[in-house]
>>> print(open('protein-v6.txt').read())   # compact mmCIF, C-alpha atoms (C1' of nucleotides)
# COMPACT_ATOMS: atom_id res chain seq x y z
CA MET A 228 24.16 83.80 -57.76
CA GLU A 229 23.04 84.07 -54.16
CA ASN A 230 25.59 85.22 -51.63
CA THR A 231 25.25 81.98 -49.66
CA ASP A 232 25.78 79.97 -52.86
CA VAL A 233 28.96 81.89 -53.59
CA ILE A 234 30.30 80.89 -50.19
CA LEU A 235 29.48 77.25 -50.86
CA VAL A 236 31.21 77.29 -54.24
CA LEU A 237 34.32 79.11 -53.03
CA ALA A 238 34.68 76.92 -49.95
CA ALA A 239 34.14 73.77 -51.99
CA LEU A 240 36.92 74.67 -54.43
CA GLY A 241 39.20 76.05 -51.70
CA GLN A 242 40.45 72.60 -50.77
CA PRO A 243 43.29 70.85 -52.62
CA THR A 244 41.70 67.46 -53.19
CA ARG A 245 38.41 68.97 -54.31
CA LEU A 246 39.95 71.53 -56.65
CA GLU A 247 42.03 68.82 -58.28
CA THR A 248 39.01 66.53 -58.53
CA PHE A 249 37.01 69.26 -60.17
CA ARG A 250 39.81 69.96 -62.64
CA HIS A 251 39.84 66.29 -63.59
CA LEU A 252 36.10 66.44 -64.21
CA VAL A 253 36.41 69.60 -66.30
CA ARG A 254 39.03 67.97 -68.46
CA LYS A 255 36.86 64.91 -68.96
CA GLU A 256 33.77 66.83 -70.06
CA PRO A 257 31.35 65.84 -71.32
CA GLU A 258 31.87 62.11 -70.66
CA GLY A 259 32.39 62.42 -66.92
CA ILE A 260 34.26 60.10 -64.56
CA ALA A 261 32.96 57.43 -62.20
CA ALA A 262 33.43 58.02 -58.47
CA GLY A 263 35.70 55.04 -58.06
CA GLU A 264 37.95 56.04 -60.91
CA LEU A 265 38.26 59.50 -59.40
CA ALA A 266 39.34 57.94 -56.13
CA ARG A 267 42.03 55.98 -57.98
CA LEU A 268 43.14 59.04 -59.96
CA MET A 269 43.51 61.08 -56.79
CA ALA A 270 44.88 58.20 -54.71
CA VAL A 271 42.40 58.58 -51.89
CA PRO A 272 40.06 55.99 -50.31
CA GLN A 273 36.69 55.71 -52.00
CA ASN A 274 34.76 57.01 -48.98
CA THR A 275 36.99 60.06 -48.73
CA MET A 276 36.31 60.81 -52.38
CA SER A 277 32.63 60.22 -51.83
CA ALA A 278 32.62 62.82 -49.06
CA HIS A 279 34.42 65.36 -51.26
CA LEU A 280 32.05 64.72 -54.15
CA ALA A 281 29.13 65.33 -51.78
CA VAL A 282 30.57 68.75 -50.91
CA LEU A 283 31.07 69.62 -54.57
CA ALA A 284 27.54 68.45 -55.36
CA ARG A 285 26.05 70.51 -52.52
CA ALA A 286 27.75 73.53 -54.05
CA GLY A 287 26.24 72.69 -57.42
CA LEU A 288 29.65 72.19 -59.01
CA VAL A 289 29.16 68.54 -59.97
CA ARG A 290 26.30 66.20 -60.61
CA GLY A 291 26.35 62.43 -60.34
CA GLU A 292 24.28 60.12 -62.48
CA ARG A 293 23.89 56.43 -62.03
CA GLN A 294 25.18 54.40 -64.97
CA SER A 295 24.72 50.74 -64.25
CA ARG A 296 26.79 50.00 -61.18
CA SER A 297 28.84 53.16 -61.28
CA ILE A 298 27.86 56.73 -60.53
CA VAL A 299 29.38 58.99 -63.13
CA TYR A 300 30.10 62.55 -62.10
CA ARG A 301 30.20 65.52 -64.42
CA ALA A 302 31.33 69.11 -63.88
CA GLU A 303 28.65 71.78 -63.95
CA LEU A 304 30.49 74.37 -65.97
CA GLY A 305 27.61 76.80 -65.68
CA ARG A 306 28.44 77.09 -62.02
CA VAL A 307 31.93 78.31 -62.87
CA GLN A 308 30.41 80.77 -65.28
CA ALA A 309 28.10 82.03 -62.52
CA LEU A 310 31.03 82.42 -60.15
CA VAL A 311 33.03 84.37 -62.70
CA ASP A 312 30.04 86.61 -63.37
CA TYR A 313 29.70 87.27 -59.66
CA LEU A 314 33.37 88.12 -59.29
CA LEU A 315 33.32 90.44 -62.28
CA LYS A 316 30.12 92.15 -61.21
CA ASP A 317 31.34 92.75 -57.69
CA CYS A 318 34.91 93.67 -58.44
CA CYS A 319 35.90 94.38 -61.99
CA GLY A 320 32.44 95.66 -62.86
CA GLY A 321 32.86 98.53 -60.47
CA HIS A 322 36.42 99.24 -61.55
CA PRO A 323 36.75 98.33 -65.20
CA ALA A 324 40.00 100.21 -65.62
CA LEU A 325 41.72 97.88 -63.19
CA CYS A 326 40.72 94.63 -64.77
CA GLY A 327 42.97 94.27 -67.76
CA PRO A 328 41.95 92.09 -70.68
CA LEU A 329 38.41 91.52 -69.43
CA THR A 330 37.58 95.21 -69.44
CA SER A 331 36.19 95.41 -72.94
CA LEU A 332 33.85 92.52 -72.45
CA VAL A 333 32.56 93.88 -69.17
CA ALA A 334 31.95 97.21 -70.87
CA GLN A 335 30.02 95.52 -73.68
CA ASP A 336 27.88 93.13 -71.68
CA PRO A 337 25.09 94.84 -69.72
CA ALA A 338 24.70 91.79 -67.51
CA LEU A 339 28.18 92.40 -66.14
CA GLN A 340 27.70 96.05 -65.31
CA SER A 341 28.33 96.96 -61.71
CA THR A 342 25.56 97.52 -59.24
CA CYS A 343 27.90 99.38 -56.92
CA PRO A 344 28.74 103.07 -57.43
CA MET B 137 48.49 81.87 -60.63
CA GLU B 138 50.04 78.98 -58.77
CA ASN B 139 47.77 76.12 -57.76
CA THR B 140 48.57 76.67 -54.09
CA ASP B 141 47.74 80.38 -54.41
CA VAL B 142 44.38 79.54 -55.96
CA ILE B 143 43.56 77.44 -52.91
CA LEU B 144 44.50 80.31 -50.60
CA VAL B 145 42.36 82.79 -52.50
CA LEU B 146 39.33 80.52 -52.76
CA ALA B 147 39.51 79.48 -49.12
CA ALA B 148 39.96 83.09 -48.01
CA LEU B 149 36.84 84.23 -49.85
CA GLY B 150 34.88 81.10 -48.93
CA GLN B 151 33.97 82.46 -45.51
CA PRO B 152 31.01 84.81 -44.95
CA THR B 153 32.72 87.49 -42.86
CA ARG B 154 35.73 87.63 -45.16
CA LEU B 155 33.74 87.73 -48.39
CA GLU B 156 31.63 90.58 -47.03
CA THR B 157 34.72 92.39 -45.79
CA PHE B 158 36.33 92.06 -49.18
CA ARG B 159 33.20 93.37 -50.88
CA HIS B 160 33.25 96.40 -48.63
CA LEU B 161 36.85 97.03 -49.60
CA VAL B 162 36.10 96.65 -53.30
CA ARG B 163 33.32 99.17 -53.04
CA LYS B 164 35.59 101.61 -51.25
CA GLU B 165 38.37 101.46 -53.81
CA PRO B 166 40.67 103.22 -54.13
CA GLU B 167 40.47 105.02 -50.77
CA GLY B 168 40.42 101.89 -48.61
CA ILE B 169 39.01 101.39 -45.14
CA ALA B 170 40.77 101.34 -41.76
CA ALA B 171 40.76 98.04 -39.86
CA GLY B 172 38.74 99.45 -36.99
CA GLU B 173 36.09 100.89 -39.24
CA LEU B 174 35.78 97.51 -40.98
CA ALA B 175 35.22 95.89 -37.60
CA ARG B 176 32.44 98.38 -36.87
CA LEU B 177 30.89 97.93 -40.33
CA MET B 178 30.82 94.18 -39.91
CA ALA B 179 29.92 94.27 -36.21
CA VAL B 180 32.73 91.99 -35.09
CA PRO B 181 35.41 92.52 -32.42
CA GLN B 182 38.53 94.22 -33.68
CA ASN B 183 40.76 91.23 -33.07
CA THR B 184 38.41 88.97 -34.97
CA MET B 185 38.52 91.38 -37.89
CA SER B 186 42.30 91.55 -37.58
CA ALA B 187 42.51 87.77 -37.91
CA HIS B 188 40.29 87.77 -40.98
CA LEU B 189 42.29 90.56 -42.58
CA ALA B 190 45.45 88.54 -41.97
CA VAL B 191 43.94 85.61 -43.90
CA LEU B 192 42.91 87.88 -46.77
CA ALA B 193 46.37 89.45 -46.80
CA ARG B 194 48.10 86.06 -46.83
CA ALA B 195 46.05 85.23 -49.91
CA GLY B 196 47.15 88.48 -51.52
CA LEU B 197 43.60 89.80 -51.68
CA VAL B 198 44.17 92.87 -49.51
CA ARG B 199 47.05 95.02 -48.45
CA GLY B 200 47.26 97.19 -45.35
CA GLU B 201 49.18 100.44 -45.14
CA ARG B 202 49.82 102.44 -42.02
CA GLN B 203 48.26 105.89 -42.08
CA SER B 204 49.01 107.67 -38.85
CA ARG B 205 47.41 105.61 -36.10
CA SER B 206 45.21 103.56 -38.40
CA ILE B 207 46.07 100.81 -40.84
CA VAL B 208 44.10 101.31 -44.01
CA TYR B 209 43.30 98.22 -46.05
CA ARG B 210 42.73 98.15 -49.77
CA ALA B 211 41.47 95.42 -52.09
CA GLU B 212 43.97 93.96 -54.54
CA LEU B 213 41.73 93.77 -57.57
CA GLY B 214 44.47 92.21 -59.64
CA ARG B 215 44.11 89.12 -57.52
CA VAL B 216 40.47 88.80 -58.52
CA GLN B 217 41.51 89.19 -62.12
CA ALA B 218 44.06 86.44 -61.69
CA LEU B 219 41.47 84.15 -60.14
CA VAL B 220 39.03 84.78 -62.98
CA ASP B 221 41.77 84.07 -65.51
CA TYR B 222 42.55 80.82 -63.77
CA LEU B 223 38.90 79.76 -63.73
CA LEU B 224 38.43 80.62 -67.40
CA LYS B 225 41.64 78.92 -68.46
CA ASP B 226 40.83 75.73 -66.58
CA CYS B 227 37.15 75.51 -67.27
CA CYS B 228 35.68 77.76 -69.90
CA GLY B 229 38.91 77.87 -71.87
CA GLY B 230 38.62 74.19 -72.59
CA HIS B 231 34.92 74.36 -73.34
CA PRO B 232 34.22 77.75 -74.86
CA ALA B 233 30.81 76.74 -76.15
CA LEU B 234 29.57 76.21 -72.62
CA CYS B 235 30.57 79.54 -71.21
CA GLY B 236 28.01 81.97 -72.51
CA PRO B 237 28.81 85.67 -72.75
CA LEU B 238 32.50 85.27 -71.96
CA THR B 239 33.13 83.01 -74.90
CA SER B 240 34.07 85.67 -77.39
CA LEU B 241 36.64 87.25 -75.12
CA VAL B 242 38.25 83.95 -74.30
CA ALA B 243 38.46 83.20 -77.99
CA GLN B 244 40.12 86.56 -78.67
CA ASP B 245 42.63 86.65 -75.83
CA PRO B 246 45.54 84.25 -76.29
CA ALA B 247 46.34 84.48 -72.57
CA LEU B 248 43.04 82.82 -71.79
CA GLN B 249 43.41 79.92 -74.17
CA SER B 250 43.16 76.53 -72.55
CA THR B 251 46.17 74.41 -71.81
CA CYS B 252 44.01 71.31 -71.50
CA PRO B 253 42.91 69.29 -74.56
C1' DT C 282 56.90 111.40 -20.34
C1' DC C 283 52.25 110.09 -19.95
C1' DC C 284 47.79 109.09 -21.86
C1' DA C 285 44.54 107.87 -25.48
C1' DT C 286 43.82 105.55 -29.74
C1' DA C 287 44.44 101.81 -33.17
C1' DT C 288 45.95 97.44 -34.42
C1' DA C 289 48.29 93.06 -33.89
C1' DT C 290 49.45 88.99 -31.19
C1' DC C 291 48.71 85.52 -27.66
C1' DT C 292 45.78 82.15 -25.67
C1' DA C 293 42.06 79.08 -25.04
C1' DG C 294 37.52 77.25 -25.87
C1' DA C 295 34.10 75.89 -29.26
C1' DT C 296 32.91 74.62 -33.64
C1' DT C 297 33.63 72.70 -37.99
C1' DA C 298 36.19 70.05 -41.50
C1' DA C 299 39.00 66.05 -43.13
C1' DT C 300 40.10 61.37 -42.99
C1' DT C 301 39.24 56.52 -42.81
C1' DG C 302 37.66 51.74 -41.10
C1' DA C 303 33.41 49.42 -40.96
C1' DT C 304 28.91 48.84 -42.67
C1' DA C 305 24.73 49.57 -45.45
C1' DT C 306 22.50 50.13 -50.01
C1' DA C 307 22.02 49.48 -54.88
C1' DT C 308 23.10 47.11 -59.29
C1' DT C 309 24.53 43.29 -62.27
C1' DG C 310 25.26 38.57 -63.60
C1' DC C 311 25.00 33.72 -62.42
C1' DG D 272 18.51 34.15 -54.20
C1' DC D 273 23.52 34.68 -53.95
C1' DA D 274 28.04 36.55 -54.85
C1' DA D 275 30.59 40.42 -56.74
C1' DT D 276 31.09 45.24 -57.67
C1' DA D 277 30.34 50.23 -56.81
C1' DT D 278 29.02 53.84 -53.96
C1' DA D 279 27.08 56.03 -49.94
C1' DT D 280 26.51 56.40 -44.96
C1' DC D 281 27.97 55.81 -40.15
C1' DA D 282 31.16 56.50 -36.39
C1' DA D 283 35.26 58.01 -34.36
C1' DT D 284 39.58 60.42 -34.44
C1' DT D 285 42.45 64.04 -35.61
C1' DA D 286 43.32 68.51 -37.44
C1' DA D 287 42.07 73.07 -38.66
C1' DT D 288 39.25 77.14 -38.23
C1' DC D 289 36.52 80.68 -35.86
C1' DT D 290 35.85 83.54 -32.11
C1' DA D 291 36.92 86.63 -28.50
C1' DG D 292 39.14 88.10 -23.91
C1' DA D 293 43.50 89.72 -22.42
C1' DT D 294 47.74 91.77 -23.55
C1' DA D 295 51.48 93.80 -26.32
C1' DT D 296 53.05 97.19 -29.79
C1' DA D 297 52.94 101.43 -32.31
C1' DT D 298 51.42 106.21 -33.18
C1' DG D 299 50.03 110.94 -32.01
C1' DG D 300 49.00 114.61 -28.91
C1' DA D 301 49.15 117.18 -24.32
>>> encode(input="protein-v6.txt", output="structure tokens")
Amino acid sequence: MENTDVILVLAALGQPTRLETFRHLVRKEPEGIAAGELARLMAVPQNTMSAHLAVLARAGLVRGERQSRSIVYRAELGRVQALVDYLLKDCCGGHPALCGPLTSLVAQDPALQSTCP
Amino acid sequence: MENTDVILVLAALGQPTRLETFRHLVRKEPEGIAAGELARLMAVPQNTMSAHLAVLARAGLVRGERQSRSIVYRAELGRVQALVDYLLKDCCGGHPALCGPLTSLVAQDPALQSTCP
DNA sequence: TCCATATATCTAGATTAATTGATATATTGC
DNA sequence: GCAATATATCAATTAATCTAGATATATGGA
């Protein structure tokens, strides 16, 4: 993942309403949730939710698809995967001994090997 | 990790100067880097760097220790581990089939099992 | 004690983010 | 075409963040 994308993803999830919204969407995979229902679930006005969903979408964390009158949003779990990979490559990858239960996997998977000495 | 802590960590890393600073510190584990040297590396004024380090420290991502006149900062890699665990538990844990190379580990480690149906 | 070095704190200005009422756009059914 | 529903966009306000100059605090050495 690009460095600028990592910033977008971290900043998008680093906000209470958005993190909670994303967690709702993850739990409702793969059906997704309509924007209006999300607003009700989170008890925020629909335009506020719309703005938050736009931030999450710009970060690639969600995708909305029109379904009749509603727009149903779904979590892009691959984006979480990419974020985890980035974190492991940059941090645990360079210091496998310090990363507990994930160590063995990092050691096995070449894609997770560190690029830093 | 507490929900409020997750927000702190994500927001702390979701800023270009801070993410780059943290990456420098990860690379320099376990020696650490003095605050002033970090400011030079990142080409920002020392008080700006001090403010960023305070945010990272409040999120538990770094810790500073006085060494003579300098204060040497070190990355808290365990915090990254905790963040990854949180992400896997909340997202991949509930949908192991969608999480690629990490799937097997999540399946093996009881601590990473999902709490969401 | 005095000076130099290193970092944190204070303060203020500038920028960006969050929230929400009002309005526009798109879809469905009559 | 018209009304109803669902969502996005606009506009304005408030709040939070980022930045950096000036100053305070702490350490070490002469």
>>> atom_distance(input="protein-v6.txt", atom1="CA of Arg245 (chain A)", atom2="C1' of DA287 (chain D)")
16.6 Å
>>> closest_atom_pairs(input="protein-v6.txt", of="chain B", to="chain A", cutoff="6 Å", atoms="only C-alpha atoms", output="Markdown table")
| residue | atom | partner | partner_atom | distance |
| --- | --- | --- | --- | --- |
| B:Ile143 | CA | A:Gly241 | CA | 4.7 |
| B:Leu146 | CA | A:Gly241 | CA | 4.6 |
| B:Ala147 | CA | A:Gly241 | CA | 4.3 |
| B:Gly150 | CA | A:Ala238 | CA | 4.3 |
>>> residues_around(input="protein-v6.txt", residues="Arg199 (chain B)", least_positions_apart="6", cutoff="10 Å", atoms="only C-alpha atoms (C1' of nucleotides)", output="ChimeraX atom specification")
/B:168,189-190,192-193,207-212
>>> interface_residues(input="protein-v6.txt", of="chain C", to="chain B", cutoff="9 Å", atoms="only C-alpha atoms (C1' of nucleotides)", output="list in words")
DT286, DA287, DT288 and DA289 of chain C
>>> interface_residues(input="protein-v6.txt", of="chain D", to="chain B", cutoff="10 Å", atoms="all atoms listed in the file", output="VMD selection string")
chain D and resid 289 to 292 297 to 299
>>> atom_distance(input="protein-v6.txt", atom1="CA of Arg176 (chain B)", atom2="CA of Thr157 (chain B)")
11.0 Å
>>> atom_distance(input="protein-v6.txt", atom1="CA of Ala195 (chain B)", atom2="C1' of DC291 (chain C)")
22.4 Å
>>> axis_aligned_box(input="protein-v6.txt", around="region 308-319 of chain A", padding_each_side="4 Å", output="AutoDock Vina command-line options")
--center_x 32.0 --center_y 87.6 --center_z -61.5 --size_x 15.8 --size_y 21.6 --size_z 15.6
>>> closest_residue(input="protein-v6.txt", among="D:DA277, D:DA295, D:DG272, D:DA282", to="DT309 (chain C)", atoms="only C-alpha atoms (C1' of nucleotides)")
D:DA277
>>> residues_around(input="protein-v6.txt", residues="DT304 (chain C)", least_positions_apart="2", cutoff="12 Å", atoms="only C-alpha atoms (C1' of nucleotides)", output="number ranges by chain")
A: 274; C: 302, 306; D: 279-282
>>> closest_residue(input="protein-v6.txt", among="A:Gly291, A:Thr244, A:Met228, A:Arg285", to="Ile260 (chain A)", atoms="all atoms listed in the file")
A:Gly291
>>> residues_around(input="protein-v6.txt", residues="DC311 (chain C)", least_positions_apart="6", cutoff="12 Å", atoms="only C-alpha atoms (C1' of nucleotides)", output="PyMOL selection string")
chain D and resi 272-275
>>> write_last_selection(input="protein-v6.txt", atoms="C-alpha atoms (C1' of nucleotides)", output="PDB file, keeping the file's coordinate frame")
ATOM      1  C1'  DG D 272      18.510  34.150 -54.200  1.00  0.00           C
ATOM      2  C1'  DC D 273      23.520  34.680 -53.950  1.00  0.00           C
ATOM      3  C1'  DA D 274      28.040  36.550 -54.850  1.00  0.00           C
ATOM      4  C1'  DA D 275      30.590  40.420 -56.740  1.00  0.00           C
TER       5       DA D 275
END
>>> decode(input="protein-v6.txt", residues="chain C", atoms="C-alpha atoms (C1' of nucleotides)", output="CSV table (one decimal), in the first residue's frame")
chain,number,residue,atom,x,y,z
C,282,DT,C1',27.9,30.0,39.4
C,283,DC,C1',27.6,30.8,34.6
C,284,DC,C1',27.1,29.2,30.0
C,285,DA,C1',25.8,26.0,26.3
C,286,DT,C1',22.9,22.4,24.9
C,287,DA,C1',18.4,19.8,24.7
C,288,DT,C1',13.7,19.5,25.3
C,289,DA,C1',9.2,20.9,26.8
C,290,DT,C1',5.6,24.4,27.4
C,291,DC,C1',3.1,28.6,26.2
C,292,DT,C1',0.9,31.3,22.8
C,293,DA,C1',-1.2,32.6,18.6
C,294,DG,C1',-2.3,32.3,13.8
C,295,DA,C1',-3.7,29.3,10.0
C,296,DT,C1',-5.5,25.3,8.3
C,297,DT,C1',-8.4,21.5,8.4
C,298,DA,C1',-12.2,18.6,10.3
C,299,DA,C1',-16.9,17.8,12.2
C,300,DT,C1',-21.5,18.9,12.4
C,301,DT,C1',-26.0,20.1,10.7
C,302,DG,C1',-29.9,22.8,8.4
C,303,DA,C1',-31.3,23.5,3.8
C,304,DT,C1',-31.4,22.1,-0.8
C,305,DA,C1',-30.4,19.3,-5.0
C,306,DT,C1',-30.4,14.8,-7.3
C,307,DA,C1',-31.9,10.2,-8.2
C,308,DT,C1',-35.3,6.3,-7.9
C,309,DT,C1',-39.9,4.2,-7.3
C,310,DG,C1',-44.8,3.9,-7.6
C,311,DC,C1',-49.2,6.1,-8.6
